[in-house]
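Text of the file my_file11.cif, holding mmCIF, C-alpha atoms and all ligand atoms:
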data_start
#
loop_
_atom_site.label_atom_id
_atom_site.label_comp_id
_atom_site.auth_asym_id
_atom_site.auth_seq_id
_atom_site.Cartn_x
_atom_site.Cartn_y
_atom_site.Cartn_z
CA MET A 1 -70.41 -98.98 -1.24
CA GLU A 2 -70.61 -97.98 2.39
CA GLN A 3 -71.80 -94.60 3.55
CA PRO A 4 -70.87 -91.84 4.12
CA TRP A 5 -70.04 -91.41 0.42
CA ILE A 6 -71.69 -88.50 -1.32
CA ASN A 7 -72.28 -89.96 -4.74
CA PHE A 8 -72.52 -87.61 -7.73
CA ARG A 9 -71.22 -90.24 -10.17
CA SER A 10 -74.55 -90.85 -11.88
CA ASP A 11 -78.29 -90.92 -11.33
CA THR A 12 -77.97 -94.68 -11.89
CA VAL A 13 -76.75 -94.97 -8.28
CA THR A 14 -80.18 -94.14 -6.84
CA LEU A 15 -81.46 -96.79 -4.46
CA PRO A 16 -85.03 -98.09 -4.67
CA THR A 17 -87.42 -96.26 -2.35
CA ALA A 18 -89.14 -98.01 0.57
CA GLU A 19 -92.37 -97.95 -1.46
CA MET A 20 -90.61 -99.68 -4.35
CA ARG A 21 -89.19 -102.39 -2.10
CA GLU A 22 -92.62 -102.99 -0.62
CA ALA A 23 -94.22 -103.21 -4.08
CA MET A 24 -91.46 -105.59 -5.21
CA ALA A 25 -92.11 -107.87 -2.25
CA GLN A 26 -95.85 -107.92 -2.95
CA ALA A 27 -95.67 -108.06 -6.77
CA GLU A 28 -97.96 -110.42 -8.61
CA VAL A 29 -95.75 -112.38 -11.02
CA GLY A 30 -95.79 -114.97 -13.80
CA ASP A 31 -93.53 -116.08 -16.64
CA ASP A 32 -92.94 -113.06 -18.84
CA VAL A 33 -91.51 -115.08 -21.74
CA TYR A 34 -95.04 -116.52 -22.04
CA GLY A 35 -96.42 -112.98 -21.65
CA GLU A 36 -97.93 -114.05 -18.33
CA ASP A 37 -96.40 -111.69 -15.81
CA PRO A 38 -99.22 -109.31 -14.81
CA SER A 39 -96.85 -106.74 -13.32
CA VAL A 40 -94.69 -106.60 -16.46
CA ASN A 41 -97.81 -106.36 -18.61
CA ARG A 42 -99.09 -103.47 -16.50
CA LEU A 43 -95.75 -101.67 -16.69
CA GLU A 44 -95.60 -102.10 -20.46
CA GLU A 45 -99.13 -100.72 -20.89
CA LEU A 46 -98.41 -97.81 -18.59
CA ALA A 47 -95.14 -96.99 -20.36
CA ALA A 48 -96.73 -97.11 -23.81
CA ALA A 49 -99.51 -94.78 -22.66
CA LYS A 50 -97.06 -92.34 -21.04
CA VAL A 51 -95.09 -91.85 -24.23
CA GLY A 52 -98.10 -92.13 -26.55
CA LYS A 53 -97.12 -95.29 -28.40
CA GLU A 54 -99.09 -98.47 -29.21
CA ALA A 55 -96.88 -100.84 -27.26
CA ALA A 56 -93.85 -101.08 -25.00
CA LEU A 57 -91.28 -103.64 -23.90
CA PHE A 58 -89.49 -104.02 -20.56
CA VAL A 59 -85.76 -104.52 -21.14
CA THR A 60 -82.84 -105.10 -18.81
CA SER A 61 -81.01 -101.83 -19.43
CA GLY A 62 -80.80 -98.72 -21.56
CA THR A 63 -78.05 -100.34 -23.59
CA GLN A 64 -80.24 -103.36 -24.35
CA GLY A 65 -83.19 -101.08 -25.12
CA ASN A 66 -81.20 -99.07 -27.65
CA LEU A 67 -79.72 -102.22 -29.18
CA VAL A 68 -83.03 -104.04 -29.68
CA SER A 69 -84.50 -100.83 -31.12
CA VAL A 70 -81.68 -100.30 -33.57
CA LEU A 71 -81.75 -103.98 -34.60
CA ALA A 72 -85.52 -103.95 -35.03
CA HIS A 73 -85.35 -100.92 -37.35
CA THR A 74 -82.49 -102.05 -39.62
CA HIS A 75 -80.93 -104.81 -41.68
CA LYS A 76 -77.32 -105.97 -41.64
CA GLY A 77 -75.09 -103.60 -43.62
CA ASP A 78 -77.34 -100.57 -43.19
CA GLU A 79 -76.01 -97.16 -42.25
CA VAL A 80 -77.27 -95.40 -39.11
CA LEU A 81 -77.01 -91.64 -38.60
CA LEU A 82 -76.20 -90.57 -35.07
CA GLU A 83 -74.50 -87.79 -33.17
CA LYS A 84 -70.75 -88.17 -32.75
CA GLU A 85 -70.77 -88.32 -28.95
CA SER A 86 -74.08 -90.10 -28.60
CA HIS A 87 -74.29 -92.80 -25.96
CA ILE A 88 -75.18 -95.45 -28.55
CA TYR A 89 -71.95 -94.72 -30.41
CA TYR A 90 -69.68 -93.80 -27.52
CA TYR A 91 -70.65 -96.03 -24.61
CA GLU A 92 -72.51 -99.10 -25.87
CA VAL A 93 -69.54 -101.32 -26.66
CA GLY A 94 -70.08 -100.97 -30.42
CA GLY A 95 -73.09 -103.30 -30.20
CA MET A 96 -74.76 -101.90 -33.29
CA SER A 97 -71.74 -102.86 -35.41
CA ALA A 98 -70.72 -106.04 -33.60
CA LEU A 99 -74.19 -107.54 -33.41
CA GLY A 100 -76.16 -105.69 -36.10
CA GLY A 101 -73.49 -105.35 -38.80
CA LEU A 102 -74.42 -101.67 -38.97
CA ILE A 103 -72.20 -98.80 -40.01
CA PRO A 104 -72.50 -95.55 -38.07
CA ARG A 105 -72.34 -92.17 -39.82
CA LEU A 106 -71.57 -89.48 -37.29
CA LEU A 107 -73.18 -86.05 -37.16
CA ASP A 108 -71.66 -82.93 -35.62
CA SER A 109 -73.82 -81.02 -33.25
CA GLU A 110 -74.12 -77.99 -31.05
CA GLY A 111 -74.42 -79.31 -27.52
CA GLY A 112 -75.79 -82.65 -28.73
CA ILE A 113 -78.48 -81.06 -30.90
CA PHE A 114 -78.21 -81.17 -34.70
CA SER A 115 -80.38 -79.60 -37.37
CA ALA A 116 -82.57 -81.01 -40.12
CA GLU A 117 -80.03 -79.49 -42.51
CA ALA A 118 -77.26 -81.62 -40.96
CA VAL A 119 -79.41 -84.71 -41.52
CA ARG A 120 -80.06 -83.76 -45.16
CA LYS A 121 -76.35 -83.16 -45.75
CA ALA A 122 -75.45 -86.55 -44.31
CA LEU A 123 -77.82 -88.34 -46.69
CA ARG A 124 -75.88 -89.47 -49.71
CA GLY A 125 -78.79 -90.65 -51.84
CA ASP A 126 -79.07 -93.81 -53.82
CA ASN A 127 -75.85 -95.10 -55.37
CA ILE A 128 -74.55 -98.60 -55.95
CA HIS A 129 -71.48 -97.86 -53.82
CA PHE A 130 -73.34 -96.68 -50.74
CA PRO A 131 -74.94 -98.63 -47.89
CA ARG A 132 -78.68 -98.24 -47.38
CA THR A 133 -79.29 -95.54 -44.76
CA SER A 134 -82.24 -96.65 -42.70
CA LEU A 135 -82.18 -95.04 -39.26
CA LEU A 136 -81.56 -91.75 -37.48
CA CYS A 137 -80.94 -91.74 -33.72
CA LEU A 138 -81.03 -88.79 -31.37
CA GLU A 139 -80.41 -88.50 -27.66
CA ASN A 140 -82.70 -86.57 -25.32
CA THR A 141 -81.28 -85.46 -22.95
CA HIS A 142 -77.78 -85.64 -24.34
CA ASN A 143 -75.46 -87.12 -21.75
CA ARG A 144 -71.98 -86.10 -22.93
CA ALA A 145 -73.14 -82.61 -23.87
CA GLY A 146 -74.16 -82.10 -20.22
CA GLY A 147 -77.82 -83.10 -20.12
CA THR A 148 -78.98 -80.72 -22.85
CA TYR A 149 -82.50 -81.23 -24.16
CA TRP A 150 -84.14 -81.27 -27.56
CA THR A 151 -87.32 -79.20 -27.79
CA PRO A 152 -90.46 -80.66 -29.39
CA ALA A 153 -89.91 -78.39 -32.42
CA GLN A 154 -86.30 -79.56 -32.87
CA VAL A 155 -87.34 -83.22 -32.66
CA ALA A 156 -90.18 -82.67 -35.14
CA GLU A 157 -87.90 -80.89 -37.58
CA VAL A 158 -85.19 -83.58 -37.76
CA ALA A 159 -87.76 -86.38 -37.72
CA ALA A 160 -89.51 -84.83 -40.72
CA ALA A 161 -86.20 -84.57 -42.62
CA ALA A 162 -85.40 -88.21 -41.84
CA LYS A 163 -88.85 -89.45 -42.79
CA GLU A 164 -88.76 -87.56 -46.07
CA ALA A 165 -85.74 -89.71 -46.95
CA GLY A 166 -87.46 -92.93 -45.80
CA LEU A 167 -85.50 -93.27 -42.54
CA ARG A 168 -86.90 -94.42 -39.21
CA VAL A 169 -86.19 -92.34 -36.12
CA HIS A 170 -85.21 -93.69 -32.71
CA VAL A 171 -84.73 -91.61 -29.58
CA ASP A 172 -82.32 -92.67 -26.87
CA GLY A 173 -84.44 -91.08 -24.19
CA ALA A 174 -82.60 -92.57 -21.22
CA ARG A 175 -83.47 -89.26 -19.51
CA ILE A 176 -86.42 -88.14 -21.64
CA PHE A 177 -88.51 -87.36 -18.56
CA ASN A 178 -85.77 -84.95 -17.47
CA ALA A 179 -86.12 -83.30 -20.89
CA ALA A 180 -89.90 -83.04 -20.52
CA VAL A 181 -89.89 -81.80 -16.93
CA ALA A 182 -87.16 -79.21 -17.62
CA GLN A 183 -89.23 -77.73 -20.45
CA GLY A 184 -92.60 -78.11 -18.77
CA VAL A 185 -93.98 -80.14 -21.68
CA ASP A 186 -95.77 -83.47 -21.86
CA VAL A 187 -93.24 -86.15 -22.82
CA ILE A 188 -95.57 -87.11 -25.69
CA GLU A 189 -94.57 -83.88 -27.44
CA LEU A 190 -91.03 -85.25 -27.55
CA THR A 191 -91.97 -88.75 -28.66
CA ALA A 192 -94.86 -88.14 -31.10
CA PRO A 193 -92.62 -87.31 -34.09
CA VAL A 194 -90.43 -90.43 -33.75
CA ASP A 195 -90.89 -94.15 -34.37
CA SER A 196 -89.39 -95.46 -31.17
CA VAL A 197 -88.05 -94.37 -27.82
CA GLN A 198 -85.96 -96.02 -25.13
CA PHE A 199 -86.15 -94.61 -21.63
CA CYS A 200 -84.56 -95.69 -18.35
CA LEU A 201 -86.43 -96.47 -15.13
CA SER A 202 -83.15 -96.94 -13.29
CA LYS A 203 -81.73 -93.42 -13.50
CA GLY A 204 -83.46 -90.36 -12.00
CA LEU A 205 -86.71 -92.31 -11.66
CA GLY A 206 -85.04 -94.46 -9.02
CA ALA A 207 -85.99 -98.02 -10.00
CA PRO A 208 -83.27 -100.60 -9.35
CA VAL A 209 -83.22 -102.16 -12.82
CA GLY A 210 -84.68 -101.73 -16.25
CA SER A 211 -85.63 -99.61 -19.22
CA MET A 212 -88.59 -99.40 -21.58
CA VAL A 213 -88.73 -99.40 -25.35
CA ALA A 214 -91.90 -98.05 -26.96
CA GLY A 215 -93.21 -97.87 -30.52
CA SER A 216 -95.76 -99.47 -32.84
CA LYS A 217 -97.10 -102.97 -32.03
CA GLU A 218 -95.27 -104.39 -34.99
CA PHE A 219 -91.97 -102.76 -34.00
CA ILE A 220 -92.30 -104.00 -30.41
CA ALA A 221 -92.95 -107.55 -31.63
CA ARG A 222 -89.64 -107.43 -33.54
CA ALA A 223 -87.84 -105.84 -30.58
CA ARG A 224 -89.21 -108.58 -28.31
CA LYS A 225 -87.72 -111.22 -30.55
CA TRP A 226 -84.33 -109.47 -30.53
CA ARG A 227 -84.53 -109.14 -26.75
CA LYS A 228 -84.99 -112.91 -26.53
CA MET A 229 -82.01 -113.52 -28.79
CA LEU A 230 -79.87 -111.24 -26.62
CA GLY A 231 -80.81 -113.20 -23.51
CA GLY A 232 -83.16 -110.56 -22.16
CA GLY A 233 -86.25 -112.76 -21.93
CA MET A 234 -86.79 -112.62 -18.18
CA ARG A 235 -89.14 -114.84 -16.21
CA GLN A 236 -90.79 -113.50 -13.02
CA ALA A 237 -89.60 -110.02 -13.91
CA GLY A 238 -92.68 -108.58 -12.21
CA VAL A 239 -90.59 -108.10 -9.07
CA LEU A 240 -88.61 -105.53 -11.06
CA ALA A 241 -91.56 -104.16 -12.99
CA ALA A 242 -93.34 -103.39 -9.72
CA ALA A 243 -90.61 -100.85 -8.91
CA GLY A 244 -90.78 -99.54 -12.48
CA ILE A 245 -94.48 -98.79 -12.11
CA ILE A 246 -93.78 -96.64 -9.06
CA ALA A 247 -90.91 -94.96 -10.91
CA LEU A 248 -93.30 -93.92 -13.67
CA GLU A 249 -96.26 -93.03 -11.49
CA LYS A 250 -94.53 -91.23 -8.64
CA MET A 251 -91.00 -90.20 -9.50
CA VAL A 252 -91.29 -88.09 -12.64
CA ASP A 253 -92.24 -84.73 -11.13
CA ARG A 254 -89.44 -84.81 -8.59
CA LEU A 255 -86.84 -84.63 -11.37
CA ALA A 256 -87.32 -80.85 -11.18
CA GLU A 257 -85.59 -80.93 -7.79
CA ASP A 258 -82.53 -82.58 -9.35
CA HIS A 259 -82.41 -79.87 -12.01
CA ALA A 260 -82.67 -77.09 -9.44
CA LEU A 261 -79.88 -78.62 -7.36
CA ALA A 262 -77.57 -79.02 -10.37
CA ARG A 263 -78.17 -75.38 -11.28
CA LYS A 264 -77.47 -74.24 -7.76
CA ILE A 265 -74.16 -76.10 -7.73
CA GLY A 266 -73.24 -74.86 -11.21
CA GLN A 267 -73.88 -71.23 -10.25
CA GLU A 268 -71.48 -71.57 -7.33
CA LEU A 269 -68.83 -73.34 -9.36
CA VAL A 270 -68.47 -70.52 -11.89
CA ASN A 271 -66.76 -68.48 -9.17
CA ILE A 272 -64.18 -71.14 -8.31
CA PRO A 273 -60.74 -70.72 -9.91
CA PHE A 274 -59.53 -73.31 -12.46
CA LEU A 275 -63.06 -74.69 -12.97
CA GLY A 276 -65.17 -74.00 -16.05
CA VAL A 277 -68.93 -74.45 -16.19
CA ASP A 278 -71.15 -73.79 -19.19
CA LEU A 279 -74.35 -72.58 -17.55
CA GLU A 280 -76.19 -72.54 -20.87
CA ARG A 281 -75.72 -76.29 -21.20
CA LEU A 282 -76.71 -76.88 -17.61
CA GLN A 283 -80.34 -77.59 -18.43
CA THR A 284 -81.14 -80.69 -16.38
CA ASN A 285 -79.31 -82.85 -13.82
CA ILE A 286 -75.89 -83.27 -15.46
CA LEU A 287 -73.11 -80.84 -14.64
CA VAL A 288 -69.96 -81.13 -16.73
CA VAL A 289 -67.06 -79.15 -15.30
CA SER A 290 -63.79 -78.49 -17.08
CA VAL A 291 -60.56 -78.46 -15.11
CA ASP A 292 -57.86 -76.00 -16.14
CA PRO A 293 -54.63 -77.94 -16.94
CA ALA A 294 -52.77 -75.18 -15.09
CA TRP A 295 -54.28 -76.72 -11.93
CA GLY A 296 -54.13 -80.41 -12.84
CA THR A 297 -56.22 -83.18 -14.37
CA ALA A 298 -59.73 -84.56 -13.94
CA GLN A 299 -58.29 -87.66 -12.27
CA GLU A 300 -56.40 -85.54 -9.74
CA LEU A 301 -59.56 -83.62 -8.91
CA LEU A 302 -61.53 -86.85 -8.52
CA GLY A 303 -58.84 -88.17 -6.18
CA LYS A 304 -59.03 -85.06 -3.97
CA LEU A 305 -62.81 -85.25 -3.87
CA ARG A 306 -62.66 -88.92 -2.97
CA GLU A 307 -60.42 -88.11 0.00
CA ARG A 308 -63.31 -85.92 1.20
CA GLY A 309 -65.90 -88.67 0.68
CA ILE A 310 -67.28 -87.30 -2.59
CA LEU A 311 -67.60 -89.34 -5.80
CA ALA A 312 -67.92 -88.06 -9.37
CA THR A 313 -66.92 -89.34 -12.83
CA ASP A 314 -64.26 -88.27 -15.29
CA PHE A 315 -65.61 -87.22 -18.66
CA GLY A 316 -62.28 -86.92 -20.45
CA PRO A 317 -58.78 -85.92 -19.29
CA GLN A 318 -59.87 -82.41 -18.23
CA LYS A 319 -63.56 -82.91 -17.52
CA VAL A 320 -65.50 -84.12 -14.51
CA ARG A 321 -69.21 -84.96 -14.44
CA PHE A 322 -71.49 -84.47 -11.45
CA VAL A 323 -75.03 -85.82 -11.64
CA THR A 324 -77.78 -84.86 -9.21
CA HIS A 325 -80.45 -87.34 -8.20
CA GLU A 326 -82.82 -88.41 -5.46
CA ASP A 327 -80.10 -89.59 -3.09
CA VAL A 328 -78.14 -86.33 -2.95
CA GLY A 329 -79.55 -83.15 -1.40
CA GLU A 330 -78.81 -79.58 -0.38
CA LYS A 331 -76.39 -80.62 2.36
CA ASP A 332 -74.40 -82.81 -0.03
CA ALA A 333 -74.31 -79.96 -2.54
CA ALA A 334 -72.99 -77.60 0.15
CA LYS A 335 -70.25 -80.11 1.04
CA LEU A 336 -69.31 -80.46 -2.61
CA ILE A 337 -69.06 -76.70 -3.12
CA LYS A 338 -67.00 -76.28 0.06
CA ALA A 339 -64.69 -79.14 -0.96
CA LEU A 340 -64.16 -77.69 -4.44
CA LYS A 341 -63.40 -74.23 -3.04
CA GLU A 342 -60.75 -75.73 -0.74
CA ILE A 343 -59.26 -78.02 -3.36
CA MET A 344 -58.97 -75.39 -6.09
CA SER A 345 -57.65 -72.54 -3.96
N1 LIG B 401 -75.34 -93.81 -19.04
C1 LIG B 401 -74.48 -94.06 -17.90
C2 LIG B 401 -73.09 -94.48 -18.37
O1 LIG B 401 -73.16 -95.49 -19.30
C3 LIG B 401 -72.29 -93.37 -18.94
C4 LIG B 401 -74.43 -92.84 -17.03
O2 LIG B 401 -73.97 -92.96 -15.89
O3 LIG B 401 -74.86 -91.75 -17.48
N2 LIG B 401 -78.37 -93.76 -23.00
C5 LIG B 401 -77.88 -92.75 -22.28
C6 LIG B 401 -78.05 -91.35 -22.77
C7 LIG B 401 -77.25 -93.00 -21.05
O4 LIG B 401 -76.77 -91.99 -20.34
C8 LIG B 401 -77.13 -94.33 -20.61
C9 LIG B 401 -76.40 -94.67 -19.33
C10 LIG B 401 -77.64 -95.36 -21.41
C11 LIG B 401 -78.25 -95.04 -22.63
C12 LIG B 401 -77.49 -96.82 -21.07
O5 LIG B 401 -78.21 -97.19 -19.96
P1 LIG B 401 -77.79 -98.48 -19.11
O6 LIG B 401 -76.68 -98.05 -18.20
O7 LIG B 401 -79.04 -98.83 -18.37
O8 LIG B 401 -77.37 -99.53 -20.06
#
What is this structure when it is put down as structure tokens?
Amino acid sequence: MEQPWINFRSDTVTLPTAEMREAMAQAEVGDDVYGEDPSVNRLEELAAAKVGKEAALFVTSGTQGNLVSVLAHTHKGDEVLLEKESHIYYYEVGGMSALGGLIPRLLDSEGGIFSAEAVRKALRGDNIHFPRTSLLCLENTHNRAGGTYWTPAQVAEVAAAAKEAGLRVHVDGARIFNAAVAQGVDVIELTAPVDSVQFCLSKGLGAPVGSMVAGSKEFIARARKWRKMLGGGMRQAGVLAAAGIIALEKMVDRLAEDHALARKIGQELVNIPFLGVDLERLQTNILVVSVDPAWGTAQELLGKLRERGILATDFGPQKVRFVTHEDVGEKDAAKLIKALKEIMS
């Protein structure tokens, strides 16, 4: 899309930095299906070390990363516990059911976070009528709840409840570095209690393509096989991995700037008529704003913003999502606030 759009649709819209493009051009590559791409191998080692797991796998997207993880943890016909608005359930085309033959059991939550008690209540025990429940998934940060994060203690608590019942635990950590940076904790505190994690290089970390899955060596070997079956065995993928390495080494700390900018915008929006912002849920870089039906709909608001060169996403009939990222700054935020004040008055 041509400039001058101000793009708050998602942090997926970030463009690779000049340093990434340079590294991509210079990347040492090989055939990754043979395990012979040195750049991919380096990225996988780096990713595993960052999240404190034995091994990692470079996948094409967050959706593929979650799917290979879920498939590698389960068998056809199993039940998977997950939050009712989780990305895996809501936005991943039903892959777990279509391709894994899995049945989801949905958990209620408070802002995307559920308790160990909720997990225990959802477990039905052993009975000839019931499917085998084999996996619990959680999402950190939680996208549809507005980028809310799980604390290390909350993750540890639900993971312990799941493990007690013999379940594996997978984290959709598309934005897990946002969760870590926002809390000022090492990401390992958020991943240590769980069996596997998926995180995206292509969101706030700015890489053009790709996600990582991390877990035990044995789990990653199974995930690798599923990735191949799903057509995700890439060849000279080192050109992409080279950008991923920079994403992990250089782009994590700057996520704090995205959080600060989202907060700044949110604090201004609370004073604008017909808009609702939950500042408590505004913990990272996702700002979900509700639109009073007395004014109009989310689509109408998006249309008016578009006329002013500003893009955002609808998150339901009366909700709009703004996401901050590397390619929007203070000036863009000021234009957004001014536009919203004009549109809503
Ligand atoms: N989320 C996208 C859209 O699909 C909604 C976005 O713009 O936020 N887990 C979570 C929590 C995500 O937010 C996303 C992407 C994914 C997984 C999937 O990642 P991709 O888009 O790489 O398949």
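Computed from the coordinates, the CA of Leu135 (chain A) to CA of Val169 (chain A) distance equals 5.8 Å.
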Computed interatomic separation between CA of Asp253 (chain A) and CA of Ile113 (chain A) (Å): 24.4 Å
Within 9 Å of ligand LIG 401 (chain B) (only C-alpha atoms and all ligand atoms), residues as a PDB file with C-alpha atoms, in the frame of the given file:
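Saved file part-v9.pdb follows:
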ATOM      1  CA  ARG A   9     -71.220 -90.240 -10.170  1.00  0.00           C
ATOM      2  CA  SER A  10     -74.550 -90.850 -11.880  1.00  0.00           C
ATOM      3  CA  ASP A  11     -78.290 -90.920 -11.330  1.00  0.00           C
ATOM      4  CA  THR A  12     -77.970 -94.680 -11.890  1.00  0.00           C
ATOM      5  CA  VAL A  13     -76.750 -94.970  -8.280  1.00  0.00           C
ATOM      6  CA  THR A  60     -82.840-105.100 -18.810  1.00  0.00           C
ATOM      7  CA  SER A  61     -81.010-101.830 -19.430  1.00  0.00           C
ATOM      8  CA  GLY A  62     -80.800 -98.720 -21.560  1.00  0.00           C
ATOM      9  CA  THR A  63     -78.050-100.340 -23.590  1.00  0.00           C
ATOM     10  CA  GLN A  64     -80.240-103.360 -24.350  1.00  0.00           C
ATOM     11  CA  GLY A  65     -83.190-101.080 -25.120  1.00  0.00           C
ATOM     12  CA  ASN A  66     -81.200 -99.070 -27.650  1.00  0.00           C
ATOM     13  CA  SER A  86     -74.080 -90.100 -28.600  1.00  0.00           C
ATOM     14  CA  HIS A  87     -74.290 -92.800 -25.960  1.00  0.00           C
ATOM     15  CA  ILE A  88     -75.180 -95.450 -28.550  1.00  0.00           C
ATOM     16  CA  TYR A  90     -69.680 -93.800 -27.520  1.00  0.00           C
ATOM     17  CA  TYR A  91     -70.650 -96.030 -24.610  1.00  0.00           C
ATOM     18  CA  GLU A  92     -72.510 -99.100 -25.870  1.00  0.00           C
ATOM     19  CA  GLU A 139     -80.410 -88.500 -27.660  1.00  0.00           C
ATOM     20  CA  ASN A 140     -82.700 -86.570 -25.320  1.00  0.00           C
ATOM     21  CA  THR A 141     -81.280 -85.460 -22.950  1.00  0.00           C
ATOM     22  CA  HIS A 142     -77.780 -85.640 -24.340  1.00  0.00           C
ATOM     23  CA  ASN A 143     -75.460 -87.120 -21.750  1.00  0.00           C
ATOM     24  CA  ARG A 144     -71.980 -86.100 -22.930  1.00  0.00           C
ATOM     25  CA  GLY A 147     -77.820 -83.100 -20.120  1.00  0.00           C
ATOM     26  CA  ASP A 172     -82.320 -92.670 -26.870  1.00  0.00           C
ATOM     27  CA  GLY A 173     -84.440 -91.080 -24.190  1.00  0.00           C
ATOM     28  CA  ALA A 174     -82.600 -92.570 -21.220  1.00  0.00           C
ATOM     29  CA  ARG A 175     -83.470 -89.260 -19.510  1.00  0.00           C
ATOM     30  CA  GLN A 198     -85.960 -96.020 -25.130  1.00  0.00           C
ATOM     31  CA  PHE A 199     -86.150 -94.610 -21.630  1.00  0.00           C
ATOM     32  CA  CYS A 200     -84.560 -95.690 -18.350  1.00  0.00           C
ATOM     33  CA  LEU A 201     -86.430 -96.470 -15.130  1.00  0.00           C
ATOM     34  CA  SER A 202     -83.150 -96.940 -13.290  1.00  0.00           C
ATOM     35  CA  LYS A 203     -81.730 -93.420 -13.500  1.00  0.00           C
ATOM     36  CA  VAL A 209     -83.220-102.160 -12.820  1.00  0.00           C
ATOM     37  CA  GLY A 210     -84.680-101.730 -16.250  1.00  0.00           C
ATOM     38  CA  SER A 211     -85.630 -99.610 -19.220  1.00  0.00           C
ATOM     39  CA  ILE A 286     -75.890 -83.270 -15.460  1.00  0.00           C
ATOM     40  CA  THR A 313     -66.920 -89.340 -12.830  1.00  0.00           C
ATOM     41  CA  VAL A 323     -75.030 -85.820 -11.640  1.00  0.00           C
TER      42      VAL A 323
END
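Proximity ranking of A:Gly125, A:Gly77, A:Gly204, A:Gly231 relative to Glu326 (chain A) places A:Gly204 first, based on only C-alpha atoms.
For the set A:Leu106, A:Ile265, A:Val29, A:Met251, the residue with the smallest atom-to-atom gap to Glu79 (chain A) is A:Leu106, counting all atoms listed in the file.
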Residues within 8 Å of (-85.2, -87.9, -37.4), file coords, only C-alpha atoms, listed as a list in words: Ala116, Val119, Leu135, Leu136, Cys137, Leu138, Val155, Ala156, Glu157, Val158, Ala159, Ala160, Ala161, Ala162, Lys163, Leu167, Arg168, Val169, His170 and Val194 of chain A
Which residue of A:Arg222, A:Lys84, A:Lys331, A:Arg235 approaches Gly30 (chain A) most closely, using only C-alpha atoms: A:Arg235
Atom-to-atom span, CA of Lys228 (chain A) and CA of Val40 (chain A), Å: 15.3 Å
Spatial neighbours of Gln318 (chain A), max dist 8 Å, all atoms listed in the file, sep filter under 4 positions, as a PyMOL selection string: chain A and resi 290-293+297-298+314
How big is the axis-aligned box, and where does its centre sit, when it encloses all atoms of region 148-157 of chain A listed in the file and has 8 Å added on every side, reported in Å to one decimal as JSON?
{"center_x": -84.7, "center_y": -80.8, "center_z": -30.2, "size_x": 27.5, "size_y": 20.8, "size_z": 30.7}
Selection: 12 Å around Leu57 (chain A), all atoms listed in the file, excl. self and same-chain fewer than 3 positions, as a VMD selection string: chain A and resid 32 to 33 35 40 to 48 53 to 54 60 to 62 64 to 66 68 to 69 196 to 200 210 to 228 232 to 234 237 241
Among listed residues A:Lys50, A:Gly146, A:Ser115, A:Val70, nearest Met96 (chain A) (using only C-alpha atoms): A:Val70
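In terms of minimum interatomic distance to Leu248 (chain A), A:Met20 ranks closest within A:Pro104, A:Pro38, A:Leu67, A:Met20, counting all atoms listed in the file.
The nearest approach to Asp126 (chain A) among the residues A:Gly276, A:Gly166, A:Val80, A:Leu302, with all atoms listed in the file taken into account, belongs to A:Gly166.
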